[in-house]
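Working notes for the structure below.
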Amino acid sequence: MGKILHQHQSKNNNSCRKLVFTVFLVCILGFACILNLSWASSFSFTSSYLSFASNWVSQKPRIFVARQQQQHNVDDKTGNKRFLSATFADLPAPDLPWEQMPSAPVPRLDGSAIQIKNPFYVLSGYGTLDYVHSHVDVFNFTDNTWCSRFDTPKDMANSHLGVATDGRYIYVVSGQYGPQCRGPTARTYVIDTQTRKWRSMPPLPAPRYAPATQLWRGRLHVMGGGKENRHTPALEHWSIAVKDGKALEKEWRTEIPIPRGGPHRACVVVNDRLFVIGGQEGDFMAKPGSPIFKCSRRHEVVYDDVYMLDAEMKKWKVLPPLPKPNSHIECSWVVVNNSIIITGGTTEKHPVTKRMILVGEVFQFHLDSLTWTVIGKLPYRVKTTLAGFWDGYLYFTSGQRDRGPDNPQPKKVIGEMWRTKLKI
Ligand SMILES: *[C@@H]1O[C@H](CO)[C@@H](O)[C@H](O)[C@H]1NC(C)=O
Ligand SMILES: *[C@@H]1O[C@H](CO)[C@@H](O)[C@H](O)[C@H]1NC(C)=O
């Protein structure tokens with residue numbers, strides 16, 4: 001790992017020592033700690049996915065981290081043993097000089113972002129698995145401050161939104177309503193960022209969870225995503241004509257279905273073409289019968305697919321794949337100098353431990369040559385980053401970061417913001 005990650009690691013070690021000491025004190029004070037430790041060490045989706053109050057406790061089982069650092073025995077096709085470290089999916093990448101900026105007012109996972117030159121709107125998302133946001137935080141790139149916030153409509157989705165903008169209006173299509181693993185809604189809204197007034201739009205023909213969404217040629221396009229149960233991939237593609245924040249039609253029109261459905265993909269319109277990048281099939285879904293719709297892990301497959309639709313909209317073209325499968329990148333991209341830049345994500349699970357693996361690279365897709373390169377490393381691996389670009393700087397904020405340089409599993413939900421001067 002490079003310089004920055006090493007620095008990061010030594011900082012980590014210090015704070016770990018403090019944490020161990022704190023945990024030790026707390027342990028003296030009561031048995032609650034014992035309960036918490038056993039909860040934290042029985043690794044599950046839930047313990048990795050939330051919760052700020054417990055983070056310092058789950059830092060304690062360093063045994064767990066140590067175990068992760070061990071190499072895993074794998075049989076390859078020839079029957080020979082080989083070793084596969086937890087970090088095997090990391091690609092070689094140059095370090096980038098990241099500068100930490102003011103953190104967002106709240107941490108968020110599975111939030112969304114829209115940049116309208118300056119400012120940068122950061123919408124909704126989970127705070128913890130049991131708490132979802134229903135507001136927008138606004139960042140000013142000129143003075144690098146989080147300068148305001150405003151609420152979202154009460155019955156608008158809270159995470160996994162489909163978002164797009166025309167440079168003034170922000171369209172918010174469907175998404176998950178409520179915490180844990182509740183299902184998606186079909187409700188759709190638009191806000192005028194100049195007056196900050198929300199208006200409702202015709203609902204999608206069916207609820208969608210994290211659909212690929214973009215504005216293209218005067219129509220709002222929505223495709224893929226997860227169906228009502230949050231898990232089943234949807235292939236449908238709909239569009240509706242919009243102008244100045246109003247739908248010009250009463251109903252969504254059916255368009256050519258996407259070759260592969262599922263949530264968490266980047267959807268970008270550039271040079272009059274629509275690109276759909278990465279994503280996955282399957283996702284966590286509510287445990288059957290759970291009154292709180294408790295999340296339970298289900299089979300999921302992450303893809304490196306890149307699809308493109310040209311202006312004729314007759315046929316999807318398959319383009320060269322991402323350098324590795326990557327998902328949870330719906331708002332993790334910017335367009336700079338005829339390239340799409342993507343920050344972080346999640347890749348396929350570890351083949352042996354089946355743990356989730358986060359992505360820490362920055363990818364560049366060159367729109368002239370249709371080729372991919374890995375142009376750098378983030379300060380850590382992180383998924384559902386919200387990316388922006390201003391005055392030569394690539395920014396990212398929010399998401400869920402890894403457990404440390406040697407452990408790519410998801411852990412803390414963050415509001416941190418970072419930037420680096422981009423030279424591509
Ligand atoms: C951003 O901050 C600058 C400097 O304080 C200010 O002049 C500008 O109006 C702000 N922009 C927005 C969009 O808030
Ligand atoms: C984009 O291209 C221009 C012109 O070649 C160059 O000056 C600029 O530095 C490039 N931007 C980035 C972020 O590399």
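Naming works like this for the structure tokens: A, B, ... for the chains as they're shown, residue 1 at the start of each chain, ligands 1 onward in shown order.
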Dump the neighbourhood of ligand 2 as a compact mmCIF listing (two decimals) with N, CA and C atoms, in the first residue's frame: all residues within 9 Å, distances computed on only C-alpha atoms and all ligand atoms.
# COMPACT_ATOMS: atom_id res chain seq x y z
N VAL A 336 -15.12 14.62 -16.58
CA VAL A 336 -14.04 15.61 -16.71
C VAL A 336 -13.28 15.34 -18.00
N ASN A 337 -13.07 16.37 -18.80
CA ASN A 337 -12.23 16.25 -19.99
C ASN A 337 -12.53 14.99 -20.81
N ASN A 338 -13.76 14.82 -21.18
CA ASN A 338 -14.15 13.68 -22.01
C ASN A 338 -13.84 12.32 -21.38
N PHE A 389 -16.89 17.67 -8.86
CA PHE A 389 -15.66 18.18 -9.47
C PHE A 389 -15.77 19.69 -9.57
N ASP A 391 -13.16 23.33 -10.04
CA ASP A 391 -11.91 24.08 -10.07
C ASP A 391 -10.68 23.15 -10.07
N GLY A 392 -10.77 22.07 -10.83
CA GLY A 392 -9.63 21.16 -10.94
C GLY A 392 -9.56 20.10 -9.85
N TYR A 393 -10.44 20.20 -8.86
CA TYR A 393 -10.42 19.22 -7.75
C TYR A 393 -11.51 18.18 -7.90
N LEU A 394 -11.14 16.93 -7.66
CA LEU A 394 -12.11 15.85 -7.52
C LEU A 394 -12.46 15.75 -6.04
N LYS A 421 -6.36 17.31 -6.30
CA LYS A 421 -6.21 18.00 -7.57
C LYS A 421 -6.07 16.93 -8.64
N LEU A 422 -6.93 16.99 -9.62
CA LEU A 422 -6.94 15.92 -10.63
C LEU A 422 -6.12 16.35 -11.83
N LYS A 423 -5.27 15.43 -12.31
CA LYS A 423 -4.51 15.70 -13.55
C LYS A 423 -4.69 14.49 -14.44
N ILE A 424 -5.51 14.64 -15.47
CA ILE A 424 -5.73 13.45 -16.32
C ILE A 424 -5.46 13.76 -17.78
Enumerate as a list of chain:residue names the residues within 10 Å of ligand 1, counting only C-alpha atoms and all ligand atoms.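 Answer in the requested format: A:Ile116, A:Lys117, A:Asn118, A:Pro119, A:Phe120, A:Val138, A:Phe139, A:Asn140, A:Phe141, A:Thr142, A:Asp143, A:Asn144, A:Thr145, A:Trp146, A:Cys147, A:Ser148.
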With C-alpha atoms kept, could you save the residues just selected as a PDB file, in the first residue's frame?
ATOM      1  CA  ILE A 116     -25.213  22.071 -10.241  1.00  0.00           C
ATOM      2  CA  LYS A 117     -21.900  23.767 -10.979  1.00  0.00           C
ATOM      3  CA  ASN A 118     -21.563  25.208  -7.488  1.00  0.00           C
ATOM      4  CA  PRO A 119     -23.289  24.137  -5.138  1.00  0.00           C
ATOM      5  CA  PHE A 120     -23.285  20.420  -4.479  1.00  0.00           C
ATOM      6  CA  VAL A 138     -25.610  21.739   0.533  1.00  0.00           C
ATOM      7  CA  PHE A 139     -21.879  22.246   0.021  1.00  0.00           C
ATOM      8  CA  ASN A 140     -20.302  25.379  -1.451  1.00  0.00           C
ATOM      9  CA  PHE A 141     -17.147  24.575  -3.443  1.00  0.00           C
ATOM     10  CA  THR A 142     -15.993  28.204  -3.425  1.00  0.00           C
ATOM     11  CA  ASP A 143     -15.501  28.556   0.300  1.00  0.00           C
ATOM     12  CA  ASN A 144     -15.645  24.828   1.062  1.00  0.00           C
ATOM     13  CA  THR A 145     -18.426  25.048   3.616  1.00  0.00           C
ATOM     14  CA  TRP A 146     -21.598  23.092   4.193  1.00  0.00           C
ATOM     15  CA  CYS A 147     -23.738  26.151   3.811  1.00  0.00           C
ATOM     16  CA  SER A 148     -27.369  25.083   4.136  1.00  0.00           C
TER      17      SER A 148
END
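Remark: for A:Asp406, the closest of the candidate residues A:Arg381, A:Ala247, A:Glu312, A:Asp95 is A:Arg381 (distances computed over only C-alpha atoms).
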So that I can see what lies close to stretch 172-176 of chain A, please list as a VMD selection string the residues with an atom at most 9 Å from it, counting only C-alpha atoms and leaving out residues fewer than 6 positions away in the same chain. chain A and resid 156 to 164 182 to 191 201 203 to 204 206 to 211 213 222 230
Those selected residues, please, written with N, CA and C atoms and delivered as a PDB file, in the first residue's frame.
ATOM      1  N   MET A 156     -41.379  11.152   0.345  1.00  0.00           N
ATOM      2  CA  MET A 156     -40.349  10.836  -0.660  1.00  0.00           C
ATOM      3  C   MET A 156     -39.432   9.727  -0.104  1.00  0.00           C
ATOM      4  N   ALA A 157     -38.861   8.940  -0.996  1.00  0.00           N
ATOM      5  CA  ALA A 157     -37.947   7.885  -0.562  1.00  0.00           C
ATOM      6  C   ALA A 157     -36.769   8.495   0.201  1.00  0.00           C
ATOM      7  N   ASN A 158     -36.126   7.668   1.031  1.00  0.00           N
ATOM      8  CA  ASN A 158     -35.038   8.159   1.883  1.00  0.00           C
ATOM      9  C   ASN A 158     -33.654   7.678   1.481  1.00  0.00           C
ATOM     10  N   SER A 159     -33.596   6.705   0.622  1.00  0.00           N
ATOM     11  CA  SER A 159     -32.288   6.195   0.184  1.00  0.00           C
ATOM     12  C   SER A 159     -32.490   5.529  -1.173  1.00  0.00           C
ATOM     13  N   HIS A 160     -31.378   5.194  -1.828  1.00  0.00           N
ATOM     14  CA  HIS A 160     -31.459   4.486  -3.111  1.00  0.00           C
ATOM     15  C   HIS A 160     -32.338   5.199  -4.123  1.00  0.00           C
ATOM     16  N   LEU A 161     -32.216   6.536  -4.138  1.00  0.00           N
ATOM     17  CA  LEU A 161     -33.007   7.348  -5.063  1.00  0.00           C
ATOM     18  C   LEU A 161     -32.434   7.237  -6.473  1.00  0.00           C
ATOM     19  N   GLY A 162     -33.296   7.463  -7.464  1.00  0.00           N
ATOM     20  CA  GLY A 162     -32.785   7.738  -8.802  1.00  0.00           C
ATOM     21  C   GLY A 162     -32.797   9.253  -8.964  1.00  0.00           C
ATOM     22  N   VAL A 163     -31.639   9.857  -9.258  1.00  0.00           N
ATOM     23  CA  VAL A 163     -31.591  11.324  -9.341  1.00  0.00           C
ATOM     24  C   VAL A 163     -30.992  11.791 -10.667  1.00  0.00           C
ATOM     25  N   ALA A 164     -31.468  12.960 -11.113  1.00  0.00           N
ATOM     26  CA  ALA A 164     -30.923  13.578 -12.330  1.00  0.00           C
ATOM     27  C   ALA A 164     -31.238  15.066 -12.278  1.00  0.00           C
ATOM     28  N   ARG A 182     -36.786  -1.940   4.175  1.00  0.00           N
ATOM     29  CA  ARG A 182     -38.117  -1.710   3.616  1.00  0.00           C
ATOM     30  C   ARG A 182     -38.009  -1.629   2.094  1.00  0.00           C
ATOM     31  N   GLY A 183     -39.133  -1.812   1.467  1.00  0.00           N
ATOM     32  CA  GLY A 183     -39.141  -1.844   0.008  1.00  0.00           C
ATOM     33  C   GLY A 183     -39.143  -0.451  -0.604  1.00  0.00           C
ATOM     34  N   PRO A 184     -39.107  -0.406  -1.919  1.00  0.00           N
ATOM     35  CA  PRO A 184     -39.096   0.880  -2.615  1.00  0.00           C
ATOM     36  C   PRO A 184     -40.504   1.437  -2.846  1.00  0.00           C
ATOM     37  N   THR A 185     -40.547   2.707  -3.202  1.00  0.00           N
ATOM     38  CA  THR A 185     -41.783   3.388  -3.559  1.00  0.00           C
ATOM     39  C   THR A 185     -41.718   3.743  -5.053  1.00  0.00           C
ATOM     40  N   ALA A 186     -42.871   4.064  -5.631  1.00  0.00           N
ATOM     41  CA  ALA A 186     -42.885   4.543  -7.021  1.00  0.00           C
ATOM     42  C   ALA A 186     -42.944   6.070  -7.065  1.00  0.00           C
ATOM     43  N   ARG A 187     -43.088   6.683  -5.888  1.00  0.00           N
ATOM     44  CA  ARG A 187     -43.297   8.142  -5.846  1.00  0.00           C
ATOM     45  C   ARG A 187     -42.095   8.902  -6.392  1.00  0.00           C
ATOM     46  N   THR A 188     -42.395   9.975  -7.091  1.00  0.00           N
ATOM     47  CA  THR A 188     -41.373  10.723  -7.806  1.00  0.00           C
ATOM     48  C   THR A 188     -41.590  12.218  -7.575  1.00  0.00           C
ATOM     49  N   TYR A 189     -40.497  12.920  -7.346  1.00  0.00           N
ATOM     50  CA  TYR A 189     -40.562  14.351  -7.017  1.00  0.00           C
ATOM     51  C   TYR A 189     -39.567  15.147  -7.847  1.00  0.00           C
ATOM     52  N   VAL A 190     -39.785  16.464  -7.851  1.00  0.00           N
ATOM     53  CA  VAL A 190     -38.819  17.354  -8.493  1.00  0.00           C
ATOM     54  C   VAL A 190     -38.706  18.596  -7.626  1.00  0.00           C
ATOM     55  N   ILE A 191     -37.483  19.118  -7.499  1.00  0.00           N
ATOM     56  CA  ILE A 191     -37.309  20.369  -6.760  1.00  0.00           C
ATOM     57  C   ILE A 191     -36.688  21.418  -7.673  1.00  0.00           C
ATOM     58  N   MET A 201     -44.414  14.340  -9.181  1.00  0.00           N
ATOM     59  CA  MET A 201     -44.414  13.981 -10.607  1.00  0.00           C
ATOM     60  C   MET A 201     -45.229  12.697 -10.753  1.00  0.00           C
ATOM     61  N   PRO A 203     -46.024   9.043 -10.744  1.00  0.00           N
ATOM     62  CA  PRO A 203     -45.227   7.952 -10.171  1.00  0.00           C
ATOM     63  C   PRO A 203     -44.729   7.011 -11.264  1.00  0.00           C
ATOM     64  N   LEU A 204     -43.630   6.335 -10.990  1.00  0.00           N
ATOM     65  CA  LEU A 204     -43.138   5.297 -11.913  1.00  0.00           C
ATOM     66  C   LEU A 204     -44.218   4.226 -12.070  1.00  0.00           C
ATOM     67  N   ALA A 206     -43.940   1.207 -11.627  1.00  0.00           N
ATOM     68  CA  ALA A 206     -43.772   0.269 -10.511  1.00  0.00           C
ATOM     69  C   ALA A 206     -42.647   0.796  -9.623  1.00  0.00           C
ATOM     70  N   PRO A 207     -42.681   0.441  -8.323  1.00  0.00           N
ATOM     71  CA  PRO A 207     -41.612   0.902  -7.439  1.00  0.00           C
ATOM     72  C   PRO A 207     -40.265   0.350  -7.867  1.00  0.00           C
ATOM     73  N   ARG A 208     -39.239   1.154  -7.705  1.00  0.00           N
ATOM     74  CA  ARG A 208     -37.888   0.694  -8.017  1.00  0.00           C
ATOM     75  C   ARG A 208     -36.933   1.132  -6.922  1.00  0.00           C
ATOM     76  N   TYR A 209     -35.974   0.262  -6.707  1.00  0.00           N
ATOM     77  CA  TYR A 209     -34.969   0.480  -5.685  1.00  0.00           C
ATOM     78  C   TYR A 209     -33.637   0.723  -6.414  1.00  0.00           C
ATOM     79  N   ALA A 210     -33.046   1.913  -6.202  1.00  0.00           N
ATOM     80  CA  ALA A 210     -31.771   2.285  -6.819  1.00  0.00           C
ATOM     81  C   ALA A 210     -31.727   2.064  -8.339  1.00  0.00           C
ATOM     82  N   PRO A 211     -32.697   2.636  -9.056  1.00  0.00           N
ATOM     83  CA  PRO A 211     -32.661   2.485 -10.514  1.00  0.00           C
ATOM     84  C   PRO A 211     -31.642   3.430 -11.143  1.00  0.00           C
ATOM     85  N   THR A 213     -30.756   6.280 -13.476  1.00  0.00           N
ATOM     86  CA  THR A 213     -31.622   7.410 -13.818  1.00  0.00           C
ATOM     87  C   THR A 213     -30.820   8.504 -14.492  1.00  0.00           C
ATOM     88  N   VAL A 222     -35.393   6.076 -16.717  1.00  0.00           N
ATOM     89  CA  VAL A 222     -35.228   5.300 -15.487  1.00  0.00           C
ATOM     90  C   VAL A 222     -35.198   3.827 -15.869  1.00  0.00           C
ATOM     91  N   ARG A 230     -36.777  -5.666  -3.241  1.00  0.00           N
ATOM     92  CA  ARG A 230     -35.433  -5.105  -3.050  1.00  0.00           C
ATOM     93  C   ARG A 230     -34.342  -5.996  -3.656  1.00  0.00           C
TER      94      ARG A 230
END
Computed interatomic separation between atom CA of A:Lys294 and atom CA of A:Gly261 (Å): 24.0 Å
From the options A:Ala86, A:Met285, A:Val276, A:Leu215, which residue's atoms come nearest to A:Lys354, counting only C-alpha atoms?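 Ranked by minimum distance to A:Lys354, first place goes to A:Ala86.
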Using only C-alpha atoms, find the one residue out of A:Gly278, A:Pro351, A:Gly225, A:Gly245 that sits nearest to A:Ala266.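 Among the listed residues, A:Gly278 lies closest to A:Ala266.
The smallest atom-to-atom distance between A:Ala212 and any of A:Lys317, A:Arg196, A:Arg168, A:His264, using only C-alpha atoms, is found for A:His264.
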Based on DSSP run over this structure's backbone, return all residues of stretch 106-200 of chain A in strand (DSSP E), as a count of residues only. 51
Rank nothing, just name the residue among A:Pro92, A:Gln214, A:Leu386, A:Lys243 nearest to A:Thr373, using only C-alpha atoms.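 Using only C-alpha atoms, A:Thr373 sits closest to A:Pro92.
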So what do you get for atom CA of A:Ser85 versus atom CA of A:Glu361, distance-wise? 17.6 Å
Excluding A:Arg253 and any residue of its chain fewer than 3 positions from it, enumerate the residues within 7 Å of it, using only C-alpha atoms, and give them as a JSON list (two decimals) with N, CA and C atoms, in the first residue's frame.
[["chain", "number", "residue", "atom", "x", "y", "z"],
["A", 238, "TRP", "N", -38.08, 3.00, -18.53],
["A", 238, "TRP", "CA", -39.17, 3.93, -18.81],
["A", 238, "TRP", "C", -38.61, 5.32, -19.02],
["A", 239, "SER", "N", -39.40, 6.16, -19.72],
["A", 239, "SER", "CA", -39.00, 7.57, -19.81],
["A", 239, "SER", "C", -40.25, 8.44, -19.81],
["A", 240, "ILE", "N", -40.04, 9.70, -19.46],
["A", 240, "ILE", "CA", -41.14, 10.67, -19.48],
["A", 240, "ILE", "C", -40.56, 12.02, -19.90]]
Find the distance between atom CA of A:Leu220 and atom CA of A:Val242 and write it in Å to one decimal.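 Answer for the atom CA of A:Leu220 to atom CA of A:Val242 separation: 6.6 Å.
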Which residue gives the smallest distance to A:Pro379 among A:Arg108, A:Arg149, A:Lys246, A:Arg401, with only C-alpha atoms counted?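 Of A:Arg108, A:Arg149, A:Lys246, A:Arg401, the one nearest A:Pro379, counting only C-alpha atoms, is A:Arg401.
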Residues near A:Phe284, anyone? I mean within 10 Å using only C-alpha atoms, not counting same-chain ones fewer than 3 positions away, as a ChimeraX atom specification. /A:45,180-181,229-231,287,294-300
Show me, as number ranges by chain, the residues that have an atom within 10 Å of A:Met101 when counting only C-alpha atoms, minus same-chain residues fewer than 2 positions from it. A: 98-99, 103-104, 144-145, 395-397, 416-419
Generate the output file for the selected residues, N, CA and C atoms, as a compact mmCIF listing (two decimals), in the first residue's frame.
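Result saved to again.txt:
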# COMPACT_ATOMS: atom_id res chain seq x y z
N TRP A 98 -4.58 13.40 -1.13
CA TRP A 98 -5.92 13.78 -0.68
C TRP A 98 -5.85 14.79 0.46
N GLU A 99 -6.74 15.73 0.41
CA GLU A 99 -6.81 16.79 1.41
C GLU A 99 -8.18 16.67 2.06
N SER A 103 -16.36 17.85 7.06
CA SER A 103 -17.29 16.72 6.92
C SER A 103 -18.71 17.24 6.74
N ALA A 104 -19.51 16.43 6.07
CA ALA A 104 -20.93 16.75 5.95
C ALA A 104 -21.54 16.77 7.36
N ASN A 144 -15.75 26.15 0.43
CA ASN A 144 -15.65 24.83 1.06
C ASN A 144 -16.36 24.75 2.40
N THR A 145 -17.62 25.18 2.40
CA THR A 145 -18.43 25.05 3.62
C THR A 145 -19.71 24.30 3.28
N TYR A 395 -13.74 15.83 -5.71
CA TYR A 395 -14.23 15.73 -4.32
C TYR A 395 -14.99 14.43 -4.16
N PHE A 396 -14.92 13.86 -2.96
CA PHE A 396 -15.92 12.84 -2.62
C PHE A 396 -16.29 12.98 -1.16
N THR A 397 -17.53 12.61 -0.85
CA THR A 397 -17.98 12.62 0.54
C THR A 397 -18.86 11.40 0.78
N GLU A 416 -17.32 12.22 5.99
CA GLU A 416 -16.06 12.89 5.62
C GLU A 416 -16.08 13.36 4.18
N MET A 417 -15.38 14.47 3.96
CA MET A 417 -15.21 14.93 2.58
C MET A 417 -13.73 15.11 2.31
N TRP A 418 -13.31 14.69 1.11
CA TRP A 418 -11.91 14.78 0.69
C TRP A 418 -11.84 15.36 -0.71
N ARG A 419 -10.69 15.93 -1.03
CA ARG A 419 -10.51 16.36 -2.41
C ARG A 419 -9.05 16.14 -2.84
